[in-house]
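Structure file upload34.tsv; described as TSV, C-alpha atoms.
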chain	number	residue	atom	x	y	z
Z	1	MET	CA	-8.22	-23.58	-25.46
Z	2	MET	CA	-8.36	-20.19	-27.18
Z	3	GLU	CA	-5.54	-19.03	-29.43
Z	4	THR	CA	-3.32	-16.33	-27.95
Z	5	THR	CA	-1.76	-13.34	-29.66
Z	6	THR	CA	1.24	-11.15	-28.86
Z	7	LEU	CA	0.55	-7.42	-29.29
Z	8	ASN	CA	2.05	-3.95	-28.99
Z	9	THR	CA	-0.97	-2.54	-27.13
Z	10	VAL	CA	-3.48	-4.20	-24.82
Z	11	ALA	CA	-6.74	-3.32	-23.08
Z	12	GLY	CA	-6.93	-3.27	-19.27
Z	13	VAL	CA	-10.16	-4.92	-18.11
Z	14	ARG	CA	-11.60	-4.95	-14.59
Z	15	PHE	CA	-14.25	-7.44	-13.46
Z	16	THR	CA	-15.27	-5.87	-10.16
Z	17	LYS	CA	-15.66	-2.26	-9.03
Z	18	VAL	CA	-12.37	-2.28	-7.11
Z	19	GLY	CA	-10.43	-5.18	-8.58
Z	20	LYS	CA	-7.22	-6.02	-10.38
Z	21	LEU	CA	-6.69	-5.11	-14.01
Z	22	TYR	CA	-6.28	-7.95	-16.47
Z	23	HIS	CA	-4.96	-7.32	-19.97
Z	24	PHE	CA	-6.44	-8.61	-23.23
Z	25	ASP	CA	-5.88	-8.37	-26.97
Z	26	TYR	CA	-8.42	-5.92	-28.43
Z	27	SER	CA	-7.10	-5.86	-32.03
Z	28	HIS	CA	-10.36	-7.36	-33.38
Z	29	TYR	CA	-12.33	-4.48	-31.84
Z	30	PRO	CA	-10.17	-1.33	-32.31
Z	31	GLU	CA	-13.25	0.86	-31.80
Z	32	LEU	CA	-13.43	-0.03	-28.08
Z	33	LYS	CA	-13.32	2.92	-25.67
Z	34	VAL	CA	-12.65	3.34	-21.97
Z	35	GLY	CA	-15.81	2.46	-20.07
Z	36	ASP	CA	-17.08	-0.11	-22.60
Z	37	HIS	CA	-18.15	-3.51	-21.31
Z	38	VAL	CA	-16.71	-6.61	-22.98
Z	39	ILE	CA	-17.05	-10.39	-22.80
Z	40	VAL	CA	-13.82	-12.35	-22.23
Z	41	GLU	CA	-12.79	-15.93	-21.49
Z	42	THR	CA	-10.90	-16.38	-18.20
Z	43	THR	CA	-9.64	-19.25	-16.08
Z	44	ARG	CA	-12.95	-18.95	-14.21
Z	45	GLY	CA	-15.09	-19.15	-17.33
Z	46	ARG	CA	-16.77	-16.51	-19.43
Z	47	GLN	CA	-16.96	-13.14	-17.69
Z	48	MET	CA	-18.06	-9.58	-18.36
Z	49	GLY	CA	-15.58	-6.80	-17.59
Z	50	GLN	CA	-15.17	-3.09	-18.17
Z	51	VAL	CA	-12.36	-1.53	-20.20
Z	52	MET	CA	-10.41	0.81	-17.92
Z	53	GLY	CA	-7.64	1.88	-20.29
Z	54	PHE	CA	-5.13	0.92	-22.97
Z	55	VAL	CA	-1.46	0.36	-22.18
Z	56	GLU	CA	1.73	-0.99	-23.67
Z	57	PRO	CA	2.24	-4.68	-22.88
Z	58	GLU	CA	5.01	-6.00	-20.70
Z	59	LYS	CA	8.34	-6.38	-22.49
Z	60	ASP	CA	8.43	-10.11	-21.81
Z	61	ALA	CA	8.73	-11.77	-25.23
Z	62	ASP	CA	7.00	-14.93	-23.95
Z	63	ARG	CA	3.97	-13.09	-22.59
Z	64	THR	CA	0.80	-13.58	-24.64
Z	65	TYR	CA	-2.69	-12.13	-24.27
Z	66	LEU	CA	-6.08	-13.72	-24.72
Z	67	PRO	CA	-8.35	-11.85	-27.13
Z	68	ILE	CA	-11.52	-10.03	-26.16
Z	69	MET	CA	-14.37	-12.23	-27.42
Z	70	ARG	CA	-16.79	-9.39	-28.19
Z	71	PRO	CA	-18.26	-6.15	-26.86
Z	72	ALA	CA	-21.12	-6.66	-24.42
Z	73	THR	CA	-24.61	-6.18	-25.85
Z	74	PRO	CA	-27.55	-4.45	-24.13
Z	75	ARG	CA	-28.97	-7.94	-23.50
Z	76	ASP	CA	-25.75	-8.94	-21.70
Z	77	LEU	CA	-26.00	-5.88	-19.45
Z	78	VAL	CA	-29.63	-6.68	-18.59
Z	79	LEU	CA	-28.70	-10.30	-17.84
Z	80	LYS	CA	-25.93	-9.10	-15.54
Z	81	GLN	CA	-28.38	-6.93	-13.58
Z	82	HIS	CA	-30.86	-9.80	-13.36
Z	83	TRP	CA	-28.36	-12.29	-11.95
Z	84	GLU	CA	-26.84	-9.79	-9.55
Z	85	ALA	CA	-30.33	-9.33	-8.10
Z	86	GLN	CA	-30.45	-13.11	-7.36
Z	87	GLN	CA	-27.20	-13.15	-5.39
Z	88	ASP	CA	-28.66	-12.37	-1.95
Z	89	ASP	CA	-31.19	-15.21	-2.31
Z	90	ALA	CA	-28.42	-17.59	-3.38
Z	91	LEU	CA	-26.36	-16.66	-0.31
Z	92	ARG	CA	-29.36	-17.27	1.96
Z	93	VAL	CA	-29.90	-20.72	0.42
Z	94	CYS	CA	-26.21	-21.55	0.93
Z	95	GLN	CA	-26.38	-20.57	4.61
Z	96	GLU	CA	-29.52	-22.67	5.11
Z	97	LYS	CA	-28.00	-25.73	3.43
Z	98	ALA	CA	-24.84	-25.38	5.54
Z	99	SER	CA	-26.95	-25.24	8.70
Z	100	GLU	CA	-28.92	-28.35	7.66
Z	101	LEU	CA	-25.80	-30.37	6.85
Z	102	GLY	CA	-23.93	-29.30	10.00
Z	103	GLY	CA	-20.20	-29.08	10.47
Z	104	TYR	CA	-19.95	-25.51	9.20
Z	105	GLU	CA	-20.51	-23.66	12.48
Z	106	GLN	CA	-17.08	-21.99	12.31
Z	107	VAL	CA	-17.58	-20.94	8.68
Z	108	LYS	CA	-18.97	-17.55	7.70
Z	109	PHE	CA	-20.50	-17.28	4.21
Z	110	VAL	CA	-20.03	-13.69	3.10
Z	111	ALA	CA	-21.07	-13.41	-0.56
Z	112	ALA	CA	-22.53	-15.14	-3.58
Z	113	GLN	CA	-21.56	-13.94	-7.06
Z	114	TYR	CA	-23.08	-14.91	-10.39
Z	115	ASN	CA	-21.23	-14.26	-13.63
Z	116	TYR	CA	-23.03	-12.05	-16.14
Z	117	ASP	CA	-25.19	-14.80	-17.74
Z	118	GLY	CA	-25.87	-16.89	-14.63
Z	119	SER	CA	-23.88	-19.90	-15.86
Z	120	MET	CA	-21.46	-19.76	-12.88
Z	121	LEU	CA	-22.16	-19.11	-9.20
Z	122	THR	CA	-19.32	-18.56	-6.72
Z	123	PHE	CA	-19.82	-18.67	-2.94
Z	124	MET	CA	-17.20	-16.91	-0.80
Z	125	PHE	CA	-16.63	-17.91	2.79
Z	126	THR	CA	-14.13	-17.32	5.56
Z	127	ALA	CA	-12.89	-19.46	8.43
Z	128	GLU	CA	-9.96	-19.56	10.85
Z	129	ASP	CA	-8.70	-22.85	9.41
Z	130	ARG	CA	-8.78	-24.46	6.00
Z	131	VAL	CA	-12.20	-25.93	5.28
Z	132	ASN	CA	-13.20	-28.71	2.88
Z	133	PRO	CA	-16.67	-27.70	1.64
Z	134	GLY	CA	-17.12	-30.83	-0.47
Z	135	LYS	CA	-20.44	-31.96	1.09
Z	136	LEU	CA	-21.96	-28.51	0.83
Z	137	TRP	CA	-20.61	-28.03	-2.70
Z	138	ASN	CA	-22.34	-31.21	-3.86
Z	139	GLU	CA	-25.62	-30.13	-2.28
Z	140	LEU	CA	-25.48	-26.66	-3.82
Z	141	GLY	CA	-24.59	-28.16	-7.20
Z	142	ARG	CA	-27.88	-30.08	-7.10
Z	143	THR	CA	-29.80	-27.00	-5.96
Z	144	PHE	CA	-28.64	-24.47	-8.59
Z	145	ASP	CA	-28.55	-24.83	-12.36
Z	146	ALA	CA	-25.30	-22.85	-12.55
Z	147	LYS	CA	-21.83	-24.32	-12.14
Z	148	VAL	CA	-21.04	-23.84	-8.42
Z	149	GLU	CA	-17.66	-22.82	-7.03
Z	150	MET	CA	-16.66	-22.48	-3.36
Z	151	ARG	CA	-13.85	-20.08	-2.52
Z	152	GLN	CA	-12.31	-19.48	0.90
Z	153	VAL	CA	-11.10	-15.89	1.33
Z	154	GLY	CA	-9.08	-14.06	3.97
Z	155	PRO	CA	-10.25	-11.36	6.41
Z	156	ARG	CA	-9.00	-8.52	4.20
Z	157	ASP	CA	-11.01	-9.87	1.25
Z	158	VAL	CA	-14.06	-10.09	3.51
Z	159	ALA	CA	-13.69	-6.41	4.47
Z	160	LYS	CA	-13.34	-5.52	0.78
Z	161	LEU	CA	-16.52	-7.42	-0.09
Z	162	LEU	CA	-18.61	-6.01	2.77
Z	163	GLY	CA	-17.40	-2.40	2.53
Z	164	GLY	CA	-18.36	0.04	5.26
Z	165	TYR	CA	-16.34	2.60	7.21
Z	166	GLY	CA	-12.88	2.32	8.74
Z	167	ALA	CA	-11.69	3.55	12.13
Z	168	CYS	CA	-10.78	6.91	10.54
Z	169	GLY	CA	-14.44	7.53	9.72
Z	170	GLU	CA	-13.90	7.28	5.96
Z	171	LEU	CA	-14.98	4.47	3.61
Z	172	ARG	CA	-12.56	1.55	3.82
Z	173	CYS	CA	-9.58	1.88	1.50
Z	174	CYS	CA	-9.92	-1.76	0.40
Z	175	SER	CA	-13.46	-1.22	-0.88
Z	176	THR	CA	-12.85	2.15	-2.55
Z	177	PHE	CA	-9.46	2.15	-4.32
Z	178	LEU	CA	-7.06	-0.61	-3.18
Z	179	THR	CA	-6.80	-3.25	-5.89
Z	180	ASP	CA	-4.00	-5.22	-4.17
Z	181	PHE	CA	-3.08	-5.89	-0.56
Z	182	SER	CA	0.53	-4.99	0.25
Z	183	PRO	CA	2.52	-6.93	2.87
Z	184	ILE	CA	2.33	-5.01	6.18
Z	185	SER	CA	4.48	-5.54	9.27
Z	186	ILE	CA	4.63	-4.14	12.80
Z	187	LYS	CA	7.93	-2.39	12.00
Z	188	MET	CA	6.00	0.00	9.74
Z	189	ALA	CA	4.08	1.27	12.75
Z	190	LYS	CA	7.29	1.55	14.80
Z	191	ALA	CA	9.05	3.54	12.05
Z	192	GLN	CA	6.20	6.06	12.06
Z	193	GLY	CA	6.10	6.41	15.83
Z	194	ILE	CA	2.56	5.01	16.04
Z	195	SER	CA	1.42	3.47	19.32
Z	196	LEU	CA	1.48	-0.32	19.17
Z	197	ASN	CA	-1.87	-0.47	20.94
Z	198	PRO	CA	-3.98	-2.92	18.85
Z	199	SER	CA	-6.81	-0.39	18.62
Z	200	GLU	CA	-4.41	2.07	16.96
Z	201	ILE	CA	-2.92	-0.22	14.31
Z	202	THR	CA	-5.62	-2.83	13.65
Z	203	GLY	CA	-8.24	-2.39	10.94
Z	204	MET	CA	-11.88	-3.46	10.97
Z	205	CYS	CA	-10.78	-6.77	9.41
Z	206	GLY	CA	-8.69	-7.61	12.49
Z	207	ARG	CA	-5.41	-7.29	10.57
Z	208	LEU	CA	-2.83	-4.49	10.50
Z	209	ARG	CA	-4.25	-1.42	8.79
Z	210	CYS	CA	-3.49	-1.07	5.08
Z	211	CYS	CA	-2.76	2.64	5.57
Z	212	LEU	CA	0.38	1.82	7.59
Z	213	VAL	CA	2.20	1.31	4.29
Z	214	TYR	CA	1.22	4.64	2.71
Z	215	GLU	CA	3.87	6.88	4.31
Z	216	TYR	CA	6.30	4.21	5.50
Z	217	GLU	CA	8.97	4.85	2.82
Z	218	GLN	CA	8.87	8.61	3.43
Z	219	TYR	CA	9.42	8.05	7.17
Z	220	VAL	CA	12.32	5.66	6.53
Z	221	GLU	CA	13.98	8.13	4.14
Z	222	ALA	CA	13.46	11.07	6.50
Z	223	ARG	CA	14.79	9.16	9.54
Z	224	GLN	CA	18.02	8.31	7.71
Z	225	LYS	CA	18.88	12.03	7.66
Z	226	LEU	CA	18.11	12.63	11.34
Z	227	PRO	CA	20.01	11.54	14.49
Z	228	LYS	CA	18.50	8.68	16.48
Z	229	ARG	CA	16.84	9.02	19.84
Z	230	ASN	CA	19.25	9.31	22.84
Z	231	LYS	CA	22.11	10.47	20.60
Z	232	ARG	CA	24.03	13.57	21.74
Z	233	VAL	CA	24.37	16.32	19.13
Z	234	GLY	CA	25.49	19.90	18.78
Z	235	THR	CA	22.77	22.54	18.47
Z	236	PRO	CA	22.48	26.35	18.55
Z	237	PHE	CA	21.71	25.88	22.26
Z	238	GLY	CA	24.87	23.87	22.92
Z	239	GLU	CA	25.40	20.16	23.35
Z	240	ALA	CA	22.11	18.32	23.80
Z	241	LYS	CA	20.47	14.88	23.84
Z	242	VAL	CA	17.87	13.85	21.27
Z	243	ILE	CA	14.69	12.72	23.02
Z	244	ASP	CA	12.29	12.58	20.07
Z	245	VAL	CA	12.47	12.46	16.27
Z	246	HIS	CA	9.97	14.18	13.94
Z	247	PRO	CA	10.66	12.80	10.44
Z	248	LEU	CA	7.98	14.73	8.56
Z	249	GLN	CA	9.05	18.00	10.26
Z	250	ASP	CA	12.69	17.23	9.43
Z	251	ALA	CA	13.50	18.08	13.05
Z	252	VAL	CA	14.23	16.60	16.48
Z	253	THR	CA	13.37	17.50	20.04
Z	254	VAL	CA	16.43	17.82	22.29
Z	255	ILE	CA	16.90	18.32	26.00
Z	256	THR	CA	19.35	21.02	27.06
Z	257	GLU	CA	20.19	22.71	30.36
Z	258	GLU	CA	17.46	25.22	29.53
Z	259	GLY	CA	14.85	22.56	28.79
Z	260	ARG	CA	13.31	21.04	25.68
Z	261	ARG	CA	13.98	22.57	22.27
Z	262	LEU	CA	12.84	21.78	18.73
Z	263	VAL	CA	15.82	21.85	16.37
Z	264	ASN	CA	15.65	21.66	12.57
Z	265	ARG	CA	18.00	19.27	10.79
Z	266	GLU	CA	20.07	22.03	9.18
Z	267	ASP	CA	20.87	23.40	12.66
Z	268	ILE	CA	22.16	20.08	14.00
Z	269	VAL	CA	25.93	19.54	14.20
Z	270	PRO	CA	27.31	16.02	14.81
Z	271	LEU	CA	28.95	15.94	18.25
Z	272	ASP	CA	32.33	14.72	16.99
Z	273	GLU	CA	32.39	17.57	14.47
Z	274	LEU	CA	31.36	20.08	17.13
Z	275	ARG	CA	34.12	18.93	19.49
Z	276	ALA	CA	36.67	19.02	16.67
Z	277	LEU	CA	35.72	22.64	15.94
Z	278	GLU	CA	35.95	23.58	19.62
Z	279	LYS	CA	39.36	21.90	19.89
Z	280	LYS	CA	40.63	23.65	16.78
Z	281	ALA	CA	39.45	27.01	18.11
Z	282	LYS	CA	41.58	26.54	21.23
Z	283	GLU	CA	44.73	25.54	19.35
Z	284	PRO	CA	47.38	28.11	18.22
Z	285	CYS	CA	47.48	29.19	14.60
Z	286	SER	CA	48.90	26.44	12.40
Z	287	LYS	CA	50.82	29.03	10.34
Z	288	HIS	CA	52.35	31.17	13.07
Z	289	GLY	CA	52.33	28.92	16.14
Z	290	ASP	CA	52.45	30.88	19.41
Z	291	GLU	CA	53.89	33.96	17.68
Z	292	PRO	CA	51.67	36.96	16.92
Z	293	CYS	CA	49.36	35.88	14.13
Z	294	ASP	CA	48.57	38.36	11.37
Z	295	CYS	CA	45.65	36.16	10.16
Z	296	GLY	CA	43.43	38.10	12.51
Z	297	LYS	CA	45.27	41.41	12.62
Z	298	LYS	CA	43.96	44.63	11.20
Z	299	PRO	CA	45.38	45.79	7.83
Z	300	GLY	CA	47.44	48.60	9.48
Z	301	GLU	CA	49.07	46.22	11.97
Z	302	ARG	CA	49.84	43.71	9.23
Z	303	ARG	CA	51.61	46.36	7.12
Z	304	SER	CA	53.78	47.56	10.03
Z	305	ASP	CA	54.91	43.97	10.73
Z	306	GLN	CA	55.76	43.46	7.09
Z	307	ASN	CA	57.81	46.74	7.00
Z	308	ALA	CA	59.75	45.73	10.12
Z	309	GLU	CA	60.74	42.44	8.52
Z	310	GLU	CA	62.00	44.31	5.45

Take the structure in the file and write it out as structure tokens.
Amino acid sequence: MMETTTLNTVAGVRFTKVGKLYHFDYSHYPELKVGDHVIVETTRGRQMGQVMGFVEPEKDADRTYLPIMRPATPRDLVLKQHWEAQQDDALRVCQEKASELGGYEQVKFVAAQYNYDGSMLTFMFTAEDRVNPGKLWNELGRTFDAKVEMRQVGPRDVAKLLGGYGACGELRCCSTFLTDFSPISIKMAKAQGISLNPSEITGMCGRLRCCLVYEYEQYVEARQKLPKRNKRVGTPFGEAKVIDVHPLQDAVTVITEEGRRLVNREDIVPLDELRALEKKAKEPCSKHGDEPCDCGKKPGERRSDQNAEE
């Protein structure tokens, strides 16, 4: 077990092109720069990663950071390229062994990954149910010199590994910039007024699209300031019923006697407030009752009334 050290600054290291950042102590190598490759010890053995930046550590006093073992050498980089070139062959061998053993018909093997020096080989697979790959793992352990790991991954991880284009026609978010998968629910689509047709809200992985979360908070905040659908409100066109809400336009569509109208939020008057104003307008002056009221009289008329009282 390597000794750990608590620091004031740490290096953020990424092990895959679009992966999570892990933080390490770089005090023994202060000359490290962003973009440098380093060798570190992880729970999955010795790995090569790339320094993506330097940040302040979390303020948790109990948090410690493993040290960076050393900067990667040119030989390490060449080894990494060599073993990456062997990954497709390793995946093919895995698929053949699974077919020979049988019992893995419902399992899809999607990737094989060597670490930088070829000492560890990880096979990733997906299946609808949990799978015990013990038999296959033993067979692959006898076939390859590297330490073999088998890891079952979910459909979103599969999409991230395979890459490709999403339904929008752009490269998939998960394989270009998403380092974590956020929890996504159907209510996010409802809040944004998106059709609940599966083809509209389902990604290429068969799960709800990651992009549903991008503008969800803005829609929720905007909707809180607008009246709900079917609510009656006051508008410049008179009393009307809200038939549609447009959060990003900060407006609603209402139906009036004259037809549909788009009304901005600042022009909407709550119905109870509108009726209170109308009622007040019909009432006599609170200062003068039913008597002539000089609140609305012209200056000349007001002066003559004042002189008469004197």

Using only C-alpha atoms, the best pick from Z:Asn230, Z:Lys147, Z:Arg156, Z:Leu171 as closest to Z:Arg209 would be Z:Arg156

So that I can see what lies close to stretch 124-136 of chain Z, please list as a short mmCIF file (atom, residue, chain, number, x, y, z; two decimals) with C-alpha atoms, in the coordinates of the input the residues with an atom at most 7 Å from it, counting all atoms listed in the file and leaving out residues fewer than 4 positions away in the same chain.
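Output contents, as saved in result05.cif:
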data_model
loop_
_atom_site.label_atom_id
_atom_site.label_comp_id
_atom_site.auth_asym_id
_atom_site.auth_seq_id
_atom_site.Cartn_x
_atom_site.Cartn_y
_atom_site.Cartn_z
CA ALA Z 98 -24.84 -25.38 5.54
CA GLN Z 106 -17.08 -21.99 12.31
CA VAL Z 107 -17.58 -20.94 8.68
CA LYS Z 108 -18.97 -17.55 7.70
CA PHE Z 109 -20.50 -17.28 4.21
CA VAL Z 110 -20.03 -13.69 3.10
CA ALA Z 111 -21.07 -13.41 -0.56
CA ALA Z 112 -22.53 -15.14 -3.58
CA LEU Z 140 -25.48 -26.66 -3.82
CA MET Z 150 -16.66 -22.48 -3.36
CA ARG Z 151 -13.85 -20.08 -2.52
CA GLN Z 152 -12.31 -19.48 0.90
CA VAL Z 153 -11.10 -15.89 1.33
CA GLY Z 154 -9.08 -14.06 3.97
#

Restricting the calculation to only C-alpha atoms: of Z:Asp36, Z:Glu58, Z:Glu96, Z:Glu221, which residue gets closest to Z:Leu77? Z:Asp36

Which of these, Z:Val148, Z:Ile243, Z:Leu91, Z:Leu101, has the shortest distance to Z:Thr122 once you count all atoms listed in the file?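 Distance minimum relative to Z:Thr122 lands on Z:Val148.
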
Of the residues Z:Leu271, Z:Met52, Z:Ala222, Z:Ala189, which is the one nearest to Z:Ala251, using all atoms listed in the file?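 The answer is Z:Ala222, which sits nearest to Z:Ala251.
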
In the coordinate frame of the file, compute which residues have an atom within 10 Å of (-11.1, -7.5, 2.6) when using all atoms listed in the file, and state them as a list of chain:residue names.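 Residues satisfying the cut-off, written out: Z:Val153, Z:Gly154, Z:Pro155, Z:Arg156, Z:Asp157, Z:Val158, Z:Ala159, Z:Lys160, Z:Leu161, Z:Leu162, Z:Gly163, Z:Arg172, Z:Cys173, Z:Cys174, Z:Ser175, Z:Leu178, Z:Phe181, Z:Met204, Z:Cys205, Z:Arg207.
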
Mind writing the picked residues with C-alpha atoms as a PDB file, in the coordinates of the input?
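The resulting file, again-v7.pdb, is shown below:
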ATOM      1  CA  VAL Z 153     -11.100 -15.890   1.330  1.00  0.00           C
ATOM      2  CA  GLY Z 154      -9.080 -14.060   3.970  1.00  0.00           C
ATOM      3  CA  PRO Z 155     -10.250 -11.360   6.410  1.00  0.00           C
ATOM      4  CA  ARG Z 156      -9.000  -8.520   4.200  1.00  0.00           C
ATOM      5  CA  ASP Z 157     -11.010  -9.870   1.250  1.00  0.00           C
ATOM      6  CA  VAL Z 158     -14.060 -10.090   3.510  1.00  0.00           C
ATOM      7  CA  ALA Z 159     -13.690  -6.410   4.470  1.00  0.00           C
ATOM      8  CA  LYS Z 160     -13.340  -5.520   0.780  1.00  0.00           C
ATOM      9  CA  LEU Z 161     -16.520  -7.420  -0.090  1.00  0.00           C
ATOM     10  CA  LEU Z 162     -18.610  -6.010   2.770  1.00  0.00           C
ATOM     11  CA  GLY Z 163     -17.400  -2.400   2.530  1.00  0.00           C
ATOM     12  CA  ARG Z 172     -12.560   1.550   3.820  1.00  0.00           C
ATOM     13  CA  CYS Z 173      -9.580   1.880   1.500  1.00  0.00           C
ATOM     14  CA  CYS Z 174      -9.920  -1.760   0.400  1.00  0.00           C
ATOM     15  CA  SER Z 175     -13.460  -1.220  -0.880  1.00  0.00           C
ATOM     16  CA  LEU Z 178      -7.060  -0.610  -3.180  1.00  0.00           C
ATOM     17  CA  PHE Z 181      -3.080  -5.890  -0.560  1.00  0.00           C
ATOM     18  CA  MET Z 204     -11.880  -3.460  10.970  1.00  0.00           C
ATOM     19  CA  CYS Z 205     -10.780  -6.770   9.410  1.00  0.00           C
ATOM     20  CA  ARG Z 207      -5.410  -7.290  10.570  1.00  0.00           C
TER      21      ARG Z 207
END

Can you list, as a ChimeraX atom specification, every protein, DNA or RNA residue that comes within 10 Å of Z:Gln47 when you count only C-alpha atoms, leaving out same-chain residues fewer than 5 positions away? /Z:15,38-42,114-117,119-120

Distance criterion (only C-alpha atoms): nearest to Z:Ser27 out of Z:Ile186, Z:Leu66, Z:Leu248, Z:Val13: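 Of all the options, Z:Leu66 lies closest to Z:Ser27.
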
Could you work out how far atom CA of Z:Arg75 lies from atom CA of Z:Val51, giving the answer in Å with one decimal?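 Atom CA of Z:Val51 sits 18.1 Å away from atom CA of Z:Arg75.
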
Neighbours of stretch 265-269 of chain Z within 6 Å (all atoms listed in the file; same-chain residues fewer than 4 positions away dropped), as a list of chain:residue names? Z:Gly234, Z:Thr235, Z:Asp250, Z:Ala251

Using only C-alpha atoms, which of Z:Asp244, Z:Gly45, Z:Asp88, Z:Gln224 sits nearest Z:Ala146? Z:Gly45

Could you pull the residues within 10 Å of Z:Glu258, counting all atoms listed in the file, minus those fewer than 3 positions along the same chain, as a PyMOL selection string? chain Z and resi 237+255+261

Write out as a list of chain:residue names which residues come within 12 Å of Z:Tyr216 when counting all atoms listed in the file, dropping same-chain ones fewer than 3 positions away. Z:Ile184, Z:Ser185, Z:Ile186, Z:Lys187, Z:Met188, Z:Ala189, Z:Lys190, Z:Ala191, Z:Gln192, Z:Gly193, Z:Ile194, Z:Cys210, Z:Cys211, Z:Leu212, Z:Val213, Z:Tyr219, Z:Val220, Z:Glu221, Z:Ala222, Z:Arg223, Z:Pro247, Z:Leu248
